[in-house]
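Engineer: This is the content of run-v1.pdb (PDB, C-alpha atoms):
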MODEL        1
ATOM      1  CA  MET A  17     -50.503  23.277  49.565
ATOM      2  CA  GLU A  18     -47.090  24.417  48.313
ATOM      3  CA  THR A  19     -45.299  26.813  50.624
ATOM      4  CA  THR A  20     -43.950  30.111  49.335
ATOM      5  CA  PRO A  21     -40.305  29.594  48.323
ATOM      6  CA  ARG A  22     -37.829  31.805  50.200
ATOM      7  CA  ILE A  23     -34.705  33.286  48.634
ATOM      8  CA  LEU A  24     -31.749  35.076  50.196
ATOM      9  CA  SER A  25     -30.486  37.347  47.411
ATOM     10  CA  ILE A  26     -27.023  38.869  47.876
ATOM     11  CA  GLN A  27     -26.448  41.395  45.104
ATOM     12  CA  SER A  28     -25.875  45.064  44.417
ATOM     13  CA  HIS A  29     -28.442  47.810  44.997
ATOM     14  CA  VAL A  30     -28.901  51.122  43.230
ATOM     15  CA  VAL A  31     -31.177  53.968  44.281
ATOM     16  CA  CYS A  32     -31.913  54.906  40.658
ATOM     17  CA  GLY A  33     -32.148  52.331  37.895
ATOM     18  CA  TYR A  34     -32.194  48.567  37.525
ATOM     19  CA  VAL A  35     -29.228  46.341  38.275
ATOM     20  CA  GLY A  36     -28.571  43.665  40.889
ATOM     21  CA  ASN A  37     -31.382  43.224  43.373
ATOM     22  CA  LYS A  38     -33.368  46.000  41.646
ATOM     23  CA  SER A  39     -33.403  43.834  38.479
ATOM     24  CA  SER A  40     -34.003  40.446  40.080
ATOM     25  CA  VAL A  41     -36.363  40.969  43.016
ATOM     26  CA  PHE A  42     -39.303  42.287  40.971
ATOM     27  CA  PRO A  43     -39.505  39.258  38.605
ATOM     28  CA  LEU A  44     -39.143  36.884  41.561
ATOM     29  CA  HIS A  45     -41.933  38.622  43.465
ATOM     30  CA  LEU A  46     -44.194  38.441  40.414
ATOM     31  CA  HIS A  47     -43.755  34.659  40.384
ATOM     32  CA  GLY A  48     -44.514  34.186  44.060
ATOM     33  CA  PHE A  49     -41.073  34.027  45.626
ATOM     34  CA  GLN A  50     -40.393  35.662  48.977
ATOM     35  CA  VAL A  51     -37.079  37.475  48.594
ATOM     36  CA  ASP A  52     -34.882  38.690  51.441
ATOM     37  CA  ALA A  53     -32.190  40.958  50.010
ATOM     38  CA  ILE A  54     -28.719  41.769  51.280
ATOM     39  CA  ASN A  55     -27.152  44.586  49.269
ATOM     40  CA  SER A  56     -23.458  43.986  48.566
ATOM     41  CA  VAL A  57     -23.141  47.619  47.554
ATOM     42  CA  GLN A  58     -25.491  50.566  47.866
ATOM     43  CA  LEU A  59     -24.894  53.048  45.076
ATOM     44  CA  SER A  60     -26.702  56.062  43.689
ATOM     45  CA  ASN A  61     -26.824  54.404  40.240
ATOM     46  CA  HIS A  62     -24.822  51.954  38.144
ATOM     47  CA  THR A  63     -21.306  52.754  37.022
ATOM     48  CA  GLN A  64     -22.103  53.806  33.436
ATOM     49  CA  TYR A  65     -23.373  57.141  34.739
ATOM     50  CA  PRO A  66     -20.949  60.102  34.872
ATOM     51  CA  HIS A  67     -21.200  60.242  38.676
ATOM     52  CA  VAL A  68     -21.540  57.391  41.172
ATOM     53  CA  LYS A  69     -21.600  57.605  44.964
ATOM     54  CA  GLY A  70     -22.381  55.112  47.666
ATOM     55  CA  GLN A  71     -21.039  52.396  49.912
ATOM     56  CA  VAL A  72     -19.418  48.968  49.462
ATOM     57  CA  LEU A  73     -20.278  46.501  52.230
ATOM     58  CA  LYS A  74     -17.436  44.661  53.957
ATOM     59  CA  SER A  75     -17.376  41.155  55.376
ATOM     60  CA  GLY A  76     -18.357  42.348  58.851
ATOM     61  CA  ASP A  77     -21.511  43.937  57.472
ATOM     62  CA  VAL A  78     -22.898  40.749  55.949
ATOM     63  CA  THR A  79     -21.836  38.769  59.044
ATOM     64  CA  GLU A  80     -23.819  41.148  61.269
ATOM     65  CA  LEU A  81     -26.921  41.003  59.100
ATOM     66  CA  TYR A  82     -26.875  37.220  58.781
ATOM     67  CA  GLU A  83     -26.157  36.731  62.478
ATOM     68  CA  ALA A  84     -29.396  38.532  63.356
ATOM     69  CA  LEU A  85     -31.354  36.371  60.897
ATOM     70  CA  LYS A  86     -29.835  33.314  62.545
ATOM     71  CA  LEU A  87     -30.573  34.502  66.098
ATOM     72  CA  ASN A  88     -34.184  35.138  65.095
ATOM     73  CA  ASN A  89     -34.363  31.664  63.513
ATOM     74  CA  VAL A  90     -35.471  33.064  60.161
ATOM     75  CA  ASN A  91     -32.507  31.744  58.154
ATOM     76  CA  HIS A  92     -34.274  28.763  56.530
ATOM     77  CA  TYR A  93     -34.155  29.399  52.790
ATOM     78  CA  ASP A  94     -34.965  27.343  49.704
ATOM     79  CA  TYR A  95     -32.523  29.292  47.525
ATOM     80  CA  VAL A  96     -29.567  31.609  47.885
ATOM     81  CA  THR A  97     -28.503  33.743  44.945
ATOM     82  CA  THR A  98     -25.430  35.923  44.505
ATOM     83  CA  GLY A  99     -24.517  38.524  41.920
ATOM     84  CA  TYR A 100     -22.240  41.558  42.023
ATOM     85  CA  VAL A 101     -19.830  41.633  44.967
ATOM     86  CA  GLY A 102     -17.168  44.343  45.068
ATOM     87  CA  ASP A 103     -14.947  43.161  47.940
ATOM     88  CA  PRO A 104     -12.951  39.882  48.252
ATOM     89  CA  SER A 105     -13.488  39.592  52.011
ATOM     90  CA  PHE A 106     -17.233  40.027  51.495
ATOM     91  CA  LEU A 107     -17.196  37.179  48.973
ATOM     92  CA  GLU A 108     -15.341  34.915  51.417
ATOM     93  CA  THR A 109     -18.033  35.649  53.992
ATOM     94  CA  VAL A 110     -20.713  34.838  51.425
ATOM     95  CA  ALA A 111     -19.126  31.388  51.079
ATOM     96  CA  SER A 112     -19.290  30.739  54.833
ATOM     97  CA  THR A 113     -22.875  31.991  54.846
ATOM     98  CA  VAL A 114     -23.821  29.507  52.119
ATOM     99  CA  VAL A 115     -22.217  26.696  54.134
ATOM    100  CA  ASP A 116     -24.221  27.702  57.211
ATOM    101  CA  LEU A 117     -27.450  27.972  55.211
ATOM    102  CA  ARG A 118     -26.850  24.477  53.849
ATOM    103  CA  ALA A 119     -26.400  23.153  57.384
ATOM    104  CA  LYS A 120     -29.805  24.641  58.213
ATOM    105  CA  ASN A 121     -31.418  23.258  55.037
ATOM    106  CA  PRO A 122     -29.428  20.588  53.164
ATOM    107  CA  ASP A 123     -31.811  20.949  50.196
ATOM    108  CA  ILE A 124     -31.077  24.638  49.601
ATOM    109  CA  LYS A 125     -30.004  25.496  46.033
ATOM    110  CA  TYR A 126     -27.276  28.051  45.423
ATOM    111  CA  TYR A 127     -27.541  29.995  42.149
ATOM    112  CA  CYS A 128     -24.322  31.901  41.466
ATOM    113  CA  ASP A 129     -23.786  34.576  38.837
ATOM    114  CA  PRO A 130     -20.016  35.152  39.223
ATOM    115  CA  VAL A 131     -20.124  38.805  38.204
ATOM    116  CA  MET A 132     -16.604  39.921  37.315
ATOM    117  CA  GLY A 133     -16.672  41.590  33.918
ATOM    118  CA  ASP A 134     -17.594  41.367  30.260
ATOM    119  CA  ASN A 135     -16.235  42.085  26.778
ATOM    120  CA  GLY A 136     -12.675  41.324  27.831
ATOM    121  CA  HIS A 137     -12.561  43.591  30.886
ATOM    122  CA  PHE A 138     -12.882  43.181  34.653
ATOM    123  CA  TYR A 139     -15.118  45.616  36.497
ATOM    124  CA  VAL A 140     -14.367  44.162  39.931
ATOM    125  CA  PRO A 141     -11.007  43.775  41.688
ATOM    126  CA  LYS A 142      -9.119  40.894  40.041
ATOM    127  CA  GLU A 143      -8.558  39.363  43.493
ATOM    128  CA  LEU A 144     -12.161  38.196  43.346
ATOM    129  CA  LEU A 145     -11.323  35.688  40.580
ATOM    130  CA  ALA A 146      -9.384  33.338  42.876
ATOM    131  CA  VAL A 147     -12.153  33.447  45.490
ATOM    132  CA  TYR A 148     -14.781  32.610  42.901
ATOM    133  CA  ARG A 149     -12.700  29.843  41.312
ATOM    134  CA  ASP A 150     -11.428  28.172  44.479
ATOM    135  CA  THR A 151     -14.176  28.818  47.031
ATOM    136  CA  ILE A 152     -17.485  29.853  45.447
ATOM    137  CA  VAL A 153     -17.630  27.628  42.349
ATOM    138  CA  PRO A 154     -17.315  24.397  44.380
ATOM    139  CA  LEU A 155     -20.312  25.453  46.517
ATOM    140  CA  ALA A 156     -22.734  26.436  43.735
ATOM    141  CA  ASP A 157     -25.541  24.208  42.444
ATOM    142  CA  VAL A 158     -26.107  26.433  39.407
ATOM    143  CA  LEU A 159     -23.448  28.605  37.741
ATOM    144  CA  LEU A 160     -24.379  31.432  35.363
ATOM    145  CA  PRO A 161     -21.218  33.088  33.983
ATOM    146  CA  ASN A 162     -21.023  35.045  30.756
ATOM    147  CA  GLN A 163     -18.323  34.092  28.235
ATOM    148  CA  PHE A 164     -15.642  36.348  29.751
ATOM    149  CA  GLU A 165     -16.304  35.071  33.268
ATOM    150  CA  ALA A 166     -16.368  31.434  32.125
ATOM    151  CA  GLU A 167     -13.010  31.885  30.387
ATOM    152  CA  GLN A 168     -11.468  33.552  33.442
ATOM    153  CA  LEU A 169     -12.692  30.851  35.816
ATOM    154  CA  SER A 170     -11.589  27.916  33.658
ATOM    155  CA  GLY A 171      -8.501  29.357  31.973
ATOM    156  CA  ILE A 172      -9.920  28.088  28.670
ATOM    157  CA  LYS A 173     -10.402  30.463  25.742
ATOM    158  CA  ILE A 174     -13.800  29.943  24.117
ATOM    159  CA  ALA A 175     -13.247  30.214  20.382
ATOM    160  CA  ASN A 176     -16.142  27.974  19.333
ATOM    161  CA  GLU A 177     -19.062  25.988  20.671
ATOM    162  CA  GLU A 178     -16.995  22.912  21.509
ATOM    163  CA  ASP A 179     -14.739  25.061  23.692
ATOM    164  CA  GLY A 180     -17.878  26.297  25.442
ATOM    165  CA  TRP A 181     -18.958  22.773  26.296
ATOM    166  CA  ARG A 182     -15.441  21.988  27.558
ATOM    167  CA  VAL A 183     -15.684  24.951  29.899
ATOM    168  CA  CYS A 184     -19.095  23.751  31.132
ATOM    169  CA  ASP A 185     -17.610  20.314  31.849
ATOM    170  CA  TRP A 186     -14.677  21.915  33.668
ATOM    171  CA  LEU A 187     -17.029  23.942  35.873
ATOM    172  CA  HIS A 188     -19.101  20.837  36.622
ATOM    173  CA  SER A 189     -15.935  19.041  37.683
ATOM    174  CA  ARG A 190     -14.968  21.726  40.201
ATOM    175  CA  GLY A 191     -17.760  20.981  42.642
ATOM    176  CA  ARG A 192     -21.449  20.233  42.971
ATOM    177  CA  ALA A 193     -22.858  22.291  40.072
ATOM    178  CA  GLU A 194     -25.578  20.264  38.356
ATOM    179  CA  THR A 195     -26.257  23.085  35.910
ATOM    180  CA  VAL A 196     -23.873  25.447  34.139
ATOM    181  CA  VAL A 197     -25.067  28.163  31.760
ATOM    182  CA  ILE A 198     -22.791  30.353  29.675
ATOM    183  CA  THR A 199     -25.378  33.093  29.512
ATOM    184  CA  SER A 200     -24.021  35.049  26.543
ATOM    185  CA  GLY A 201     -21.095  34.685  24.221
ATOM    186  CA  GLU A 202     -19.543  35.387  20.848
ATOM    187  CA  ILE A 203     -19.529  31.683  20.090
ATOM    188  CA  GLY A 204     -21.424  31.193  16.848
ATOM    189  CA  ALA A 205     -20.345  32.003  13.305
ATOM    190  CA  ASN A 206     -23.178  34.510  12.873
ATOM    191  CA  ALA A 207     -22.151  37.982  14.058
ATOM    192  CA  ASP A 208     -25.818  38.983  14.295
ATOM    193  CA  GLU A 209     -26.423  36.464  17.080
ATOM    194  CA  ILE A 210     -25.389  35.914  20.684
ATOM    195  CA  VAL A 211     -25.220  32.283  21.810
ATOM    196  CA  SER A 212     -26.121  30.781  25.185
ATOM    197  CA  LEU A 213     -25.054  27.259  26.158
ATOM    198  CA  ALA A 214     -26.741  25.406  29.020
ATOM    199  CA  SER A 215     -25.461  22.136  30.467
ATOM    200  CA  PHE A 216     -27.927  20.280  32.699
ATOM    201  CA  GLY A 217     -27.423  17.153  34.794
ATOM    202  CA  ARG A 218     -23.639  17.618  34.884
ATOM    203  CA  GLY A 219     -23.555  17.509  31.097
ATOM    204  CA  ALA A 220     -26.182  14.828  30.472
ATOM    205  CA  ASN A 221     -28.412  17.337  28.662
ATOM    206  CA  ARG A 222     -27.019  20.181  26.565
ATOM    207  CA  VAL A 223     -29.133  23.043  25.225
ATOM    208  CA  ARG A 224     -28.077  25.723  22.752
ATOM    209  CA  VAL A 225     -29.906  28.892  21.852
ATOM    210  CA  ALA A 226     -29.012  31.647  19.379
ATOM    211  CA  ILE A 227     -30.356  35.076  20.325
ATOM    212  CA  PRO A 228     -30.769  37.902  17.791
ATOM    213  CA  ARG A 229     -28.362  40.685  18.640
ATOM    214  CA  ILE A 230     -29.842  44.024  19.661
ATOM    215  CA  ALA A 231     -27.735  46.965  18.506
ATOM    216  CA  SER A 232     -27.030  48.352  21.957
ATOM    217  CA  SER A 233     -25.474  47.497  25.306
ATOM    218  CA  PHE A 234     -27.510  47.108  28.477
ATOM    219  CA  THR A 235     -26.794  47.112  32.197
ATOM    220  CA  GLY A 236     -28.665  44.701  34.454
ATOM    221  CA  SER A 237     -29.683  42.215  31.767
ATOM    222  CA  GLY A 238     -27.616  39.417  33.327
ATOM    223  CA  ASP A 239     -29.457  39.894  36.612
ATOM    224  CA  VAL A 240     -32.816  39.531  34.836
ATOM    225  CA  PHE A 241     -31.498  36.399  33.085
ATOM    226  CA  ALA A 242     -30.334  34.818  36.358
ATOM    227  CA  ALA A 243     -33.615  35.535  38.164
ATOM    228  CA  SER A 244     -35.634  34.224  35.216
ATOM    229  CA  PHE A 245     -33.546  31.053  35.051
ATOM    230  CA  LEU A 246     -34.267  30.353  38.724
ATOM    231  CA  ILE A 247     -37.979  31.031  38.224
ATOM    232  CA  TRP A 248     -38.392  28.728  35.259
ATOM    233  CA  SER A 249     -36.121  26.045  36.718
ATOM    234  CA  ARG A 250     -38.516  25.788  39.644
ATOM    235  CA  LYS A 251     -41.647  25.806  37.501
ATOM    236  CA  LEU A 252     -40.487  23.549  34.657
ATOM    237  CA  SER A 253     -38.472  20.342  34.310
ATOM    238  CA  ASN A 254     -37.691  20.264  30.586
ATOM    239  CA  PRO A 255     -34.254  21.821  29.907
ATOM    240  CA  VAL A 256     -35.267  23.224  26.511
ATOM    241  CA  GLU A 257     -38.371  24.876  27.949
ATOM    242  CA  ILE A 258     -36.385  26.353  30.867
ATOM    243  CA  VAL A 259     -33.854  27.931  28.507
ATOM    244  CA  GLN A 260     -36.500  29.198  26.080
ATOM    245  CA  LYS A 261     -38.563  30.825  28.822
ATOM    246  CA  THR A 262     -35.470  32.419  30.350
ATOM    247  CA  VAL A 263     -34.133  33.779  27.063
ATOM    248  CA  ASN A 264     -37.504  35.023  25.841
ATOM    249  CA  THR A 265     -38.170  36.766  29.165
ATOM    250  CA  THR A 266     -34.845  38.587  29.048
ATOM    251  CA  TYR A 267     -35.108  39.384  25.342
ATOM    252  CA  ALA A 268     -38.590  40.863  25.788
ATOM    253  CA  VAL A 269     -37.290  43.259  28.461
ATOM    254  CA  LEU A 270     -34.310  44.278  26.326
ATOM    255  CA  SER A 271     -36.462  44.740  23.213
ATOM    256  CA  ARG A 272     -38.909  46.980  25.043
ATOM    257  CA  THR A 273     -35.993  48.965  26.467
ATOM    258  CA  TYR A 274     -34.342  49.371  23.059
ATOM    259  CA  GLU A 275     -37.603  50.487  21.440
ATOM    260  CA  SER A 276     -37.822  53.273  24.021
ATOM    261  CA  PHE A 277     -34.529  54.939  23.048
ATOM    262  CA  LYS A 278     -33.532  53.720  19.570
ATOM    263  CA  HIS A 279     -34.755  56.933  17.945
ATOM    264  CA  MET A 280     -32.440  59.029  20.150
ATOM    265  CA  GLU A 281     -29.098  60.141  18.767
ATOM    266  CA  SER A 282     -27.216  59.894  22.089
ATOM    267  CA  PRO A 283     -29.408  58.337  24.788
ATOM    268  CA  THR A 284     -28.267  58.892  28.366
ATOM    269  CA  SER A 285     -27.630  56.119  30.867
ATOM    270  CA  TYR A 286     -30.945  56.961  32.495
ATOM    271  CA  GLN A 287     -32.817  56.711  29.195
ATOM    272  CA  LYS A 288     -31.235  53.274  28.621
ATOM    273  CA  GLU A 289     -32.306  51.873  31.987
ATOM    274  CA  LEU A 290     -34.190  48.587  31.670
ATOM    275  CA  LYS A 291     -37.930  48.981  31.196
ATOM    276  CA  LEU A 292     -38.523  46.341  33.847
ATOM    277  CA  ILE A 293     -41.768  47.543  35.393
ATOM    278  CA  GLN A 294     -43.221  48.208  31.945
ATOM    279  CA  SER A 295     -42.420  44.571  31.040
ATOM    280  CA  LYS A 296     -44.546  43.031  33.809
ATOM    281  CA  LYS A 297     -46.682  41.069  31.350
ATOM    282  CA  GLU A 298     -43.660  39.571  29.560
ATOM    283  CA  LEU A 299     -41.947  38.746  32.860
ATOM    284  CA  GLU A 300     -44.999  36.770  33.925
ATOM    285  CA  CYS A 301     -45.704  35.155  30.549
ATOM    286  CA  PRO A 302     -42.884  35.590  28.026
ATOM    287  CA  PRO A 303     -43.491  35.313  24.280
ATOM    288  CA  ASN A 304     -42.320  32.183  22.508
ATOM    289  CA  LEU A 305     -40.203  33.794  19.794
ATOM    290  CA  ILE A 306     -36.706  32.353  20.288
ATOM    291  CA  LYS A 307     -36.260  28.586  20.117
ATOM    292  CA  ALA A 308     -33.645  26.493  21.901
ATOM    293  CA  THR A 309     -32.402  23.099  20.735
ATOM    294  CA  ILE A 310     -30.943  19.984  22.335
ATOM    295  CA  VAL A 311     -27.304  19.308  21.434
ATOM    296  CA  ILE A 312     -26.479  15.639  21.013
ATOM    297  CA  ARG A 313     -23.162  14.663  22.559
TER     298      ARG A 313
ENDMDL
END
Using the file provided, produce a representation of the structure as structure tokens.

Structural biologist:
Amino acid sequence: METTPRILSIQSHVVCGYVGNKSSVFPLHLHGFQVDAINSVQLSNHTQYPHVKGQVLKSGDVTELYEALKLNNVNHYDYVTTGYVGDPSFLETVASTVVDLRAKNPDIKYYCDPVMGDNGHFYVPKELLAVYRDTIVPLADVLLPNQFEAEQLSGIKIANEEDGWRVCDWLHSRGRAETVVITSGEIGANADEIVSLASFGRGANRVRVAIPRIASSFTGSGDVFAASFLIWSRKLSNPVEIVQKTVNTTYAVLSRTYESFKHMESPTSYQKELKLIQSKKELECPPNLIKATIVIR
């Protein structure tokens, strides 16, 4: 009988709303994963609200938490995932934690969403970029940057699809990453679409998917995408099916969310929060609306 897969998830936490661990833990639980969460920050809500209060964890905080897990001999994980981290020293400690987890279980898979910014802007300290590029990227088995993050890590501007594949190859070359996904980008010629590029097997299999653009911005969607990609990567082996399931899961959540506020003239940040709980059915069994395709090299 298959054992329940264990995940150590190091991401942000908000009291109200859905980003970071609040966006990723629920889908993972629905699919039978046991998730142990370390919160890189604990905030009242995400930063698009008028007021935000809370705490940012430092390196000593994650060291203390992990040390207790280690002393209790409960630090054997199948996966480790990381998302938003707001402090460079914390990110350095995450790297040493991944190394220690890999010593405990050489088969552990590290899924990294290098959360730094989007739409041309950083929303973390820029000092994090060097840590991600030089320390974290070489450790990750799966990398899930958006277009802005992929460009910052590689130093390559993505003006078209071929540039996107060059960035994927560059990220593969930096370490052990078998899979690189540029989760969203302004890559295609169609302004009504967002494009995702996924490179499996260190570039042996390339998958492209065009996603209809929804006329709004969302917070926490990348965290749903990353969790869904891990889920379907464990359950499926076909790269096209993995990408389709991931994209359709995320798109279903965003569509339901948009339908809930599109009639409002000026929806608040709270009204635009992801309708994650309401999307339980789609998280478990996503529709098959958006199709991905293999790209021949």

Engineer: Would you mind listing what lies within 9 Å of Phe42 (chain A) as a list of chain:residue names, with only C-alpha atoms counted and same-chain residues fewer than 3 positions away left out?

Structural biologist: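 Listed by chain and then number, they are A:Asn37, A:Lys38, A:Ser39, A:His45, A:Leu46, A:His47, A:Leu292, A:Ile293, A:Lys296.
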
Engineer: Using only C-alpha atoms, which protein or nucleic acid residues come within 10 Å of Val158 (chain A)? Drop anything in the same chain fewer than 6 positions from it, and give the result as JSON, numbers by chain.

Structural biologist: {"A": [97, 125, 126, 127, 128, 129, 188, 192, 193, 194, 195, 196, 197, 215, 216, 242, 245, 246]}

Engineer: Please write as a PyMOL selection string the full residue list that the PyMOL selection byres ((chain A and resi 301) around 12) yields on this file.

Structural biologist: chain A and resi 43+46-47+244+247-248+260-262+264-266+268-269+295-300+302-304

Engineer: Find, counting all atoms listed in the file, the residue in A:Ile312, A:Ile203, A:Val35, A:Val183 that gets nearest to His62 (chain A).

Structural biologist: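 Comparing A:Ile312, A:Ile203, A:Val35, A:Val183 against His62 (chain A), the winner is A:Val35.
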
Engineer: Which residue is closest to Gly204 (chain A)? Choose from A:Asn176, A:Ser56, A:Asn121, A:Ser189 and count all atoms listed in the file.

Structural biologist: A:Asn176

Engineer: Could you tell me, as a list in words, exactly which residues end up selected when the PyMOL selection byres ((chain A and resi 179) around 12) is applied to this structure?

Structural biologist: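 On this input, the PyMOL selection byres ((chain A and resi 179) around 12) captures Gln163, Ala166, Glu167, Ser170, Gly171, Ile172, Lys173, Ile174, Ala175, Asn176, Glu177, Glu178, Gly180, Trp181, Arg182, Val183, Cys184, Asp185, Trp186, Ile198, Gly201, Glu202, Ile203, Gly204 and Leu213 of chain A.
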
Engineer: Once the PyMOL selection byres ((chain A and resi 36) around 9) has been evaluated on this model, what residues remain selected, and can you format them as an mmCIF file with C-alpha atoms, in the frame of the given file?

Structural biologist:
data_model
loop_
_atom_site.group_PDB
_atom_site.id
_atom_site.type_symbol
_atom_site.label_atom_id
_atom_site.label_comp_id
_atom_site.auth_asym_id
_atom_site.auth_seq_id
_atom_site.Cartn_x
_atom_site.Cartn_y
_atom_site.Cartn_z
ATOM 1 C CA ILE A 26 -27.023 38.869 47.876
ATOM 2 C CA GLN A 27 -26.448 41.395 45.104
ATOM 3 C CA SER A 28 -25.875 45.064 44.417
ATOM 4 C CA HIS A 29 -28.442 47.810 44.997
ATOM 5 C CA VAL A 30 -28.901 51.122 43.230
ATOM 6 C CA TYR A 34 -32.194 48.567 37.525
ATOM 7 C CA VAL A 35 -29.228 46.341 38.275
ATOM 8 C CA ASN A 37 -31.382 43.224 43.373
ATOM 9 C CA LYS A 38 -33.368 46.000 41.646
ATOM 10 C CA SER A 39 -33.403 43.834 38.479
ATOM 11 C CA SER A 40 -34.003 40.446 40.080
ATOM 12 C CA VAL A 41 -36.363 40.969 43.016
ATOM 13 C CA ASN A 55 -27.152 44.586 49.269
ATOM 14 C CA GLY A 99 -24.517 38.524 41.920
ATOM 15 C CA TYR A 100 -22.240 41.558 42.023
ATOM 16 C CA GLY A 236 -28.665 44.701 34.454
ATOM 17 C CA GLY A 238 -27.616 39.417 33.327
ATOM 18 C CA ASP A 239 -29.457 39.894 36.612
ATOM 19 C CA VAL A 240 -32.816 39.531 34.836
#

Engineer: In Å, with one decimal, what is the gap from CA of Leu59 (chain A) to CA of Leu144 (chain A)?

Structural biologist: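 Taking CA of Leu59 (chain A) and CA of Leu144 (chain A), their separation equals 19.6 Å.
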
Engineer: Mind giving me the straight-line distance from CA of Ala146 (chain A) to CA of Pro104 (chain A) in Å, one decimal?

Structural biologist: 9.2 Å

Engineer: Within 10 Å of (-33.1, 19.8, 45.9), in the coordinates the file gives, what residues turn up when you count only C-alpha atoms, written out as JSON, numbers by chain?

Structural biologist: {"A": [94, 95, 121, 122, 123, 124, 125, 157]}

Engineer: Please measure the separation of CA of Glu209 (chain A) and CA of Val263 (chain A), giving the value in Å to one decimal.

Structural biologist: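 Those two atoms sit 12.9 Å apart.
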